[in-house]
Amino acid sequence: MESGSGEGSMMDDYESLISTTDAELLKRSWRNEKAAPEILQFELSLVQRSTEQIQLMEETVEESMASGVDPLTVSLYQMDLDRTQFLLRSYIRIRLQKIEKYMAHIHKTTELWNRLSKQEQKYAQRCIEDLKEHFEKSVLSKLPDRYKSSLKQSVISEEDDMVPEPQLDTYVICRAKRSLGAFQLDDSAEENPVSLDAGDPYAIRYKSIKSLVYSGQIDLV
Amino acid sequence: MATQSDPHASEFSAAELEFLAEDEMIEIVPNMRMETLNLICGDFGPFHPQIATQVPLWLAVALKKRGKCTIRPPEWMSVEKLTQVLEAERDSQKTFQPLPFHYVEISRLLFDHARDDIPDIYMVRSLIEDIKDVRFHKIGTGLEVISQRTAALKLEHLTAMEVNIVRPFVVRALQAFYKLDSPEMIQESDLRANRRFPTANHGPKRQLKR
């Protein structure tokens with residue numbers, strides 16, 4: 001995928017992996033999820049760890065308040081807690097919005113469906129059922145037979161043509177942590193490789209760099 | 001959050017950019033004693049009077065608000081450095097000077113909360129305003145170079161706030177050129193244009209690759 005990766009970059013990966021805090025990782029996942037047109041893989045273990053840290057911090061704050069620790073210290077712990085909670089909530093909320101928007105598409109695409117957490121799958125399932133029931137009760141049942149599907153415009157449609165899909169062709173703005181050398185854009189053989197330098201933002205089609213987003217080599221901003 | 005519900009959900013709001021900038025590290029000089037803080041975002045301290053230490057900006061501002069420290073403005077925020085940057089920005093029509101990714105947000109936060117810690121604050125403030133203006137002007141004219149199908153556009157040295165402002169325009173312009181240049185896309189754009197009145201459309205869809 002990338003030509004410039006040797007042993008050196010493997011070491012860098014390892015270095016950055018052990019020196020990166022969960023707070024950083026959560027922030028990155030939040031930004032990526034916010035900027036990506038499609039739903040990304042749910043960060044199960046990261047979310048679990050962050051939830052645990054939040055619970056621990058909540059306990060610390062409560063204990064400190066009870067035992068009369070300096071109120072300034074307590075308020076700083078509380079601020080840190082608030083910031084982490086904001087990130088986590090916002091992350092989950094963005095995902096729910098994407099699920100609501102593209103639920104039918106996500107549901108019928110196995111790859112996307114598997115990116116959801118168990119709870120998200122449950123939520124999506126409920127959403128789909130409720131929406132279907134609502135449409136049927138309010139409109140579809142009163143329409144002629146040919147127009148009763150909530151996914152197709154009419155019986156002559158060969159595929160589900162009323163299912164909104166995320167637009168993967170859209171351009172996104174991204175930043176590489178390290179220089180990625182000459183990168184051949186996925187889907188465009190006719191174009192020259194693009195050299196992605198570290199730190200500078202690029203506007204690129206999401207589709208051509210999505211594998212770099214999946215592997216964490218590039219951040220969306 | 002307001003931005004989350006609108007169609008350009010991927011844009012960050014000013015408040016969200018500020019949130020991100022608040023994680024940037026900055027040097028403070030505490031005037032009190034405090035144990036090391038073991039926070040989720042890292043360990044900071046211990047704090048001793050008159051001994052400088054590095055903390056995230058949000059922590060610095062919180063301490064500053066309570067009169068517990070002075071903030072040392074970053075090096076790039078000096079009159080001397082900013083004057084150089086401004087001159088260089090004015091000298092070149094095409095290139096941008098490297099500045100911290102969150103320079104707008106960081107300077108805003110410091111102007112709001114640590115006025116008394118910034119030497120020559122009026123000068124610094126007006127220099128940053130000027131730099132901002134010159135850069136925005138250049139960005140505006142610079143974007144005229146988008147004139148054909150472009151696979152990747154390098155926004156060299158652009159910072160978070162600037163990226164966020166040009167995003168809607170750049171994304172739409174690049175998409176438009178991409179579509180105009182690619183025959184297979186014409187169908188797609190028809191399809192999207194017709195989505196609101198979908199009855200007219202029975203054309204084949206582009207398959208998602210992968």
# chains A, B, ... in the order shown; residues from 1 in each chain; ligands from 1

call {"tool": "interface_residues", "arguments": {"of": "chain B", "to": "chain A", "cutoff": "6 Å", "atoms": "only C-alpha atoms", "output": "PDB file with C-alpha atoms, in the first residue's frame"}}
result
ATOM      1  CA  SER B  10     -17.990  16.867   9.380  1.00  0.00           C
ATOM      2  CA  CYS B  41      -5.238  12.824  29.745  1.00  0.00           C
ATOM      3  CA  ALA B 152      -5.154  15.662  -3.910  1.00  0.00           C
ATOM      4  CA  LEU B 153      -4.743  19.270  -2.936  1.00  0.00           C
ATOM      5  CA  LYS B 154      -1.982  20.067  -0.519  1.00  0.00           C
ATOM      6  CA  LEU B 155      -2.927  22.834   1.870  1.00  0.00           C
ATOM      7  CA  GLU B 156       0.618  23.528   2.943  1.00  0.00           C
ATOM      8  CA  HIS B 157       0.987  25.075   6.397  1.00  0.00           C
ATOM      9  CA  VAL B 171     -14.687  20.089  -0.972  1.00  0.00           C
TER      10      VAL B 171
END

call {"tool": "residues_around", "arguments": {"residues": "range 116-125 of chain A", "least_positions_apart": "6", "cutoff": "8 Å", "atoms": "only C-alpha atoms", "output": "PDB file with C-alpha atoms, in the first residue's frame"}}
result
ATOM      1  CA  GLN A  41     -15.196   0.469  13.046  1.00  0.00           C
ATOM      2  CA  PHE A  42     -16.478   0.824  16.606  1.00  0.00           C
ATOM      3  CA  LEU A  44     -14.711  -1.410  21.433  1.00  0.00           C
ATOM      4  CA  LEU A  96     -25.844   7.147  16.298  1.00  0.00           C
ATOM      5  CA  ILE A  99     -26.731   4.964  11.981  1.00  0.00           C
ATOM      6  CA  GLU A 100     -30.043   6.827  11.886  1.00  0.00           C
ATOM      7  CA  MET A 103     -29.609   2.452   8.821  1.00  0.00           C
ATOM      8  CA  HIS A 107     -28.125  -3.170   7.780  1.00  0.00           C
TER       9      HIS A 107
END

call {"tool": "atom_distance", "arguments": {"atom1": "CA of Leu112 in chain A", "atom2": "CA of Leu46 in chain A"}}
result
19.1 Å

call {"tool": "residues_around", "arguments": {"residues": "Pro98 in chain B", "least_positions_apart": "6", "cutoff": "12 Å", "atoms": "only C-alpha atoms", "output": "list in words"}}
result
Gly199 and Asp200 of chain A; Trp76, Lys81, Leu82, Gln84, Val85, Leu86, Ala88, Glu89, Ile131, Arg135, Leu155, Glu156, His157, Leu158 and Thr159 of chain B

call {"tool": "closest_residue", "arguments": {"among": "A:Ala176, A:Tyr91, A:Leu25, A:Ser150", "to": "Leu212 in chain A", "atoms": "only C-alpha atoms"}}
result
A:Ala176

call {"tool": "select_by_dssp", "arguments": {"residues": "range 16-77 of chain A", "states": "helix (DSSP H, G or I)", "output": "MDAnalysis selection string"}}
result
chainID A and resid 16:19 22:35 44:66 71:77

call {"tool": "select_by_dssp", "arguments": {"residues": "chain B", "states": "strand (DSSP E)", "output": "short mmCIF file (atom, residue, chain, number, x, y, z; two decimals) with C-alpha atoms, in the first residue's frame"}}
result
data_model
loop_
_atom_site.label_atom_id
_atom_site.label_comp_id
_atom_site.auth_asym_id
_atom_site.auth_seq_id
_atom_site.Cartn_x
_atom_site.Cartn_y
_atom_site.Cartn_z
CA MET B 25 0.88 22.10 25.94
CA ILE B 26 1.98 25.40 27.42
CA GLU B 27 4.40 26.50 30.11
CA ILE B 28 3.14 27.93 33.37
CA VAL B 29 4.80 29.24 36.52
CA PRO B 30 2.68 28.27 39.52
CA LEU B 37 -2.35 15.46 39.10
CA ASN B 38 -3.02 11.99 37.70
CA LEU B 39 -5.53 12.89 35.04
CA GLY B 42 -1.90 12.38 31.52
CA ASP B 43 0.07 13.17 34.66
CA PHE B 44 0.98 16.79 35.35
CA THR B 53 6.14 23.27 34.28
CA GLN B 54 4.27 22.12 31.17
CA VAL B 55 0.51 21.59 31.27
CA PRO B 56 -2.32 21.48 28.73
CA CYS B 69 -0.13 30.76 38.09
CA THR B 70 1.23 32.92 35.35
CA ILE B 71 1.25 31.63 31.81
CA ARG B 72 4.35 31.91 29.68
CA ALA B 152 -5.15 15.66 -3.91
CA LEU B 153 -4.74 19.27 -2.94
CA LYS B 154 -1.98 20.07 -0.52
#

call {"tool": "residues_around", "arguments": {"residues": "Leu140 in chain A", "least_positions_apart": "6", "cutoff": "9 Å", "atoms": "only C-alpha atoms", "output": "list of chain:residue names"}}
result
A:Tyr147, A:Lys148, A:Ser149, A:Ser150

call {"tool": "write_last_selection", "arguments": {"atoms": "N, CA and C atoms", "output": "PDB file, in the first residue's frame"}}
result
ATOM      1  N   TYR A 147     -46.614   0.188  -4.607  1.00  0.00           N
ATOM      2  CA  TYR A 147     -45.787   1.218  -3.943  1.00  0.00           C
ATOM      3  C   TYR A 147     -45.692   1.004  -2.444  1.00  0.00           C
ATOM      4  N   LYS A 148     -45.800  -0.227  -2.011  1.00  0.00           N
ATOM      5  CA  LYS A 148     -45.882  -0.459  -0.569  1.00  0.00           C
ATOM      6  C   LYS A 148     -44.532  -0.637   0.128  1.00  0.00           C
ATOM      7  N   SER A 149     -43.454  -0.737  -0.633  1.00  0.00           N
ATOM      8  CA  SER A 149     -42.158  -0.978   0.011  1.00  0.00           C
ATOM      9  C   SER A 149     -41.572   0.307   0.577  1.00  0.00           C
ATOM     10  N   SER A 150     -40.927   0.172   1.711  1.00  0.00           N
ATOM     11  CA  SER A 150     -40.273   1.366   2.259  1.00  0.00           C
ATOM     12  C   SER A 150     -38.858   1.499   1.718  1.00  0.00           C
TER      13      SER A 150
END

call {"tool": "closest_residue", "arguments": {"among": "B:Arg108, B:Arg125, B:Arg115, B:Lys94", "to": "Lys138 in chain B", "atoms": "only C-alpha atoms"}}
result
B:Lys94

call {"tool": "residues_around", "arguments": {"residues": "Leu110 in chain B", "least_positions_apart": "3", "cutoff": "12 Å", "atoms": "only C-alpha atoms", "output": "ChimeraX atom specification"}}
result
/B:18,21-22,26,57-58,60-62,64-65,70-74,77,103-107,113-119,121,124-125

call {"tool": "write_last_selection", "arguments": {"atoms": "N, CA and C atoms", "output": "tab-separated table (two decimals), in the first residue's frame"}}
result
chain	number	residue	atom	x	y	z
B	18	GLU	N	-11.72	24.94	19.58
B	18	GLU	CA	-11.12	25.46	20.80
B	18	GLU	C	-10.85	24.31	21.77
B	21	ALA	N	-7.76	22.67	20.74
B	21	ALA	CA	-6.58	23.51	21.00
B	21	ALA	C	-6.23	23.50	22.48
B	22	GLU	N	-7.22	23.30	23.32
B	22	GLU	CA	-6.98	23.33	24.77
B	22	GLU	C	-6.11	22.18	25.24
B	26	ILE	N	1.47	24.05	27.22
B	26	ILE	CA	1.98	25.40	27.42
B	26	ILE	C	2.70	25.46	28.77
B	57	LEU	N	-3.28	23.50	27.86
B	57	LEU	CA	-3.80	24.86	27.92
B	57	LEU	C	-5.04	24.99	28.82
B	58	TRP	N	-5.93	24.00	28.77
B	58	TRP	CA	-7.15	24.11	29.59
B	58	TRP	C	-6.82	24.16	31.06
B	60	ALA	N	-3.91	25.21	32.31
B	60	ALA	CA	-3.26	26.51	32.53
B	60	ALA	C	-4.31	27.60	32.73
B	61	VAL	N	-5.34	27.59	31.87
B	61	VAL	CA	-6.37	28.62	31.95
B	61	VAL	C	-7.16	28.48	33.26
B	62	ALA	N	-7.45	27.24	33.65
B	62	ALA	CA	-8.18	27.01	34.89
B	62	ALA	C	-7.40	27.54	36.09
B	64	LYS	N	-5.00	29.80	35.98
B	64	LYS	CA	-4.85	31.25	35.80
B	64	LYS	C	-6.10	31.99	36.30
B	65	LYS	N	-7.27	31.43	35.95
B	65	LYS	CA	-8.53	32.06	36.37
B	65	LYS	C	-8.62	32.18	37.89
B	70	THR	N	1.12	32.08	36.53
B	70	THR	CA	1.23	32.92	35.35
B	70	THR	C	1.52	32.01	34.17
B	71	ILE	N	1.03	32.44	33.02
B	71	ILE	CA	1.25	31.63	31.81
B	71	ILE	C	2.38	32.25	31.01
B	72	ARG	N	3.30	31.40	30.55
B	72	ARG	CA	4.35	31.91	29.68
B	72	ARG	C	3.90	31.77	28.24
B	73	PRO	N	3.69	32.88	27.57
B	73	PRO	CA	3.22	32.77	26.19
B	73	PRO	C	4.25	32.02	25.35
B	74	PRO	N	3.79	31.22	24.39
B	74	PRO	CA	4.73	30.45	23.56
B	74	PRO	C	5.67	31.38	22.80
B	77	MET	N	4.67	33.65	19.95
B	77	MET	CA	3.78	34.78	20.22
B	77	MET	C	4.51	36.06	20.61
B	103	TYR	N	-2.93	28.07	16.05
B	103	TYR	CA	-2.45	29.38	16.50
B	103	TYR	C	-3.57	30.38	16.77
B	104	VAL	N	-4.63	30.33	15.97
B	104	VAL	CA	-5.73	31.28	16.18
B	104	VAL	C	-6.41	31.03	17.53
B	105	GLU	N	-6.70	29.75	17.79
B	105	GLU	CA	-7.42	29.41	19.02
B	105	GLU	C	-6.55	29.66	20.25
B	106	ILE	N	-5.28	29.28	20.17
B	106	ILE	CA	-4.40	29.46	21.32
B	106	ILE	C	-4.27	30.94	21.66
B	107	SER	N	-4.03	31.77	20.63
B	107	SER	CA	-3.86	33.19	20.93
B	107	SER	C	-5.16	33.79	21.46
B	113	HIS	N	-7.79	35.16	28.61
B	113	HIS	CA	-7.63	34.75	30.00
B	113	HIS	C	-6.29	35.14	30.62
B	114	ALA	N	-5.32	35.53	29.80
B	114	ALA	CA	-3.99	35.79	30.38
B	114	ALA	C	-3.41	37.09	29.84
B	115	ARG	N	-4.26	38.12	29.76
B	115	ARG	CA	-3.81	39.39	29.19
B	115	ARG	C	-2.54	39.90	29.85
B	116	ASP	N	-2.52	39.82	31.19
B	116	ASP	CA	-1.40	40.43	31.93
B	116	ASP	C	-0.11	39.63	31.79
B	117	ASP	N	-0.16	38.43	31.22
B	117	ASP	CA	1.06	37.63	31.06
B	117	ASP	C	1.70	37.81	29.69
B	118	ILE	N	1.03	38.55	28.81
B	118	ILE	CA	1.59	38.70	27.47
B	118	ILE	C	2.22	40.07	27.34
B	119	PRO	N	3.54	40.14	27.18
B	119	PRO	CA	4.15	41.45	27.00
B	119	PRO	C	3.67	42.08	25.69
B	121	ILE	N	0.81	43.30	24.73
B	121	ILE	CA	-0.35	42.57	24.23
B	121	ILE	C	-1.03	43.24	23.04
B	124	VAL	N	1.00	42.48	19.96
B	124	VAL	CA	0.88	41.05	19.63
B	124	VAL	C	-0.47	40.78	18.99
B	125	ARG	N	-1.49	41.35	19.61
B	125	ARG	CA	-2.84	41.13	19.13
B	125	ARG	C	-3.01	41.64	17.70

call {"tool": "closest_residue", "arguments": {"among": "B:Ala151, B:Ile128, B:Phe136, B:Val166", "to": "Ile209 in chain A", "atoms": "only C-alpha atoms"}}
result
B:Ala151

call {"tool": "residues_around", "arguments": {"residues": "Ala173 in chain B", "least_positions_apart": "3", "cutoff": "12 Å", "atoms": "only C-alpha atoms", "output": "list in words"}}
result
Thr170, Tyr171 and Ala203 of chain A; Leu143, Glu144, Val145, Ile146, Ser147, Gln148, Arg149, Thr150, Leu153, Val166, Arg167, Pro168, Phe169, Val170, Ala176, Phe177, Tyr178, Lys179 and Leu180 of chain B

call {"tool": "closest_residue", "arguments": {"among": "B:Ile51, B:Leu174, B:Ala160, B:Ile40", "to": "Gln55 in chain A", "atoms": "only C-alpha atoms"}}
result
B:Ile40

call {"tool": "atom_distance", "arguments": {"atom1": "CA of Gly68 in chain A", "atom2": "CA of Arg33 in chain B"}}
result
16.7 Å

call {"tool": "atom_distance", "arguments": {"atom1": "CA of Ser64 in chain A", "atom2": "CA of Met34 in chain B"}}
result
14.3 Å
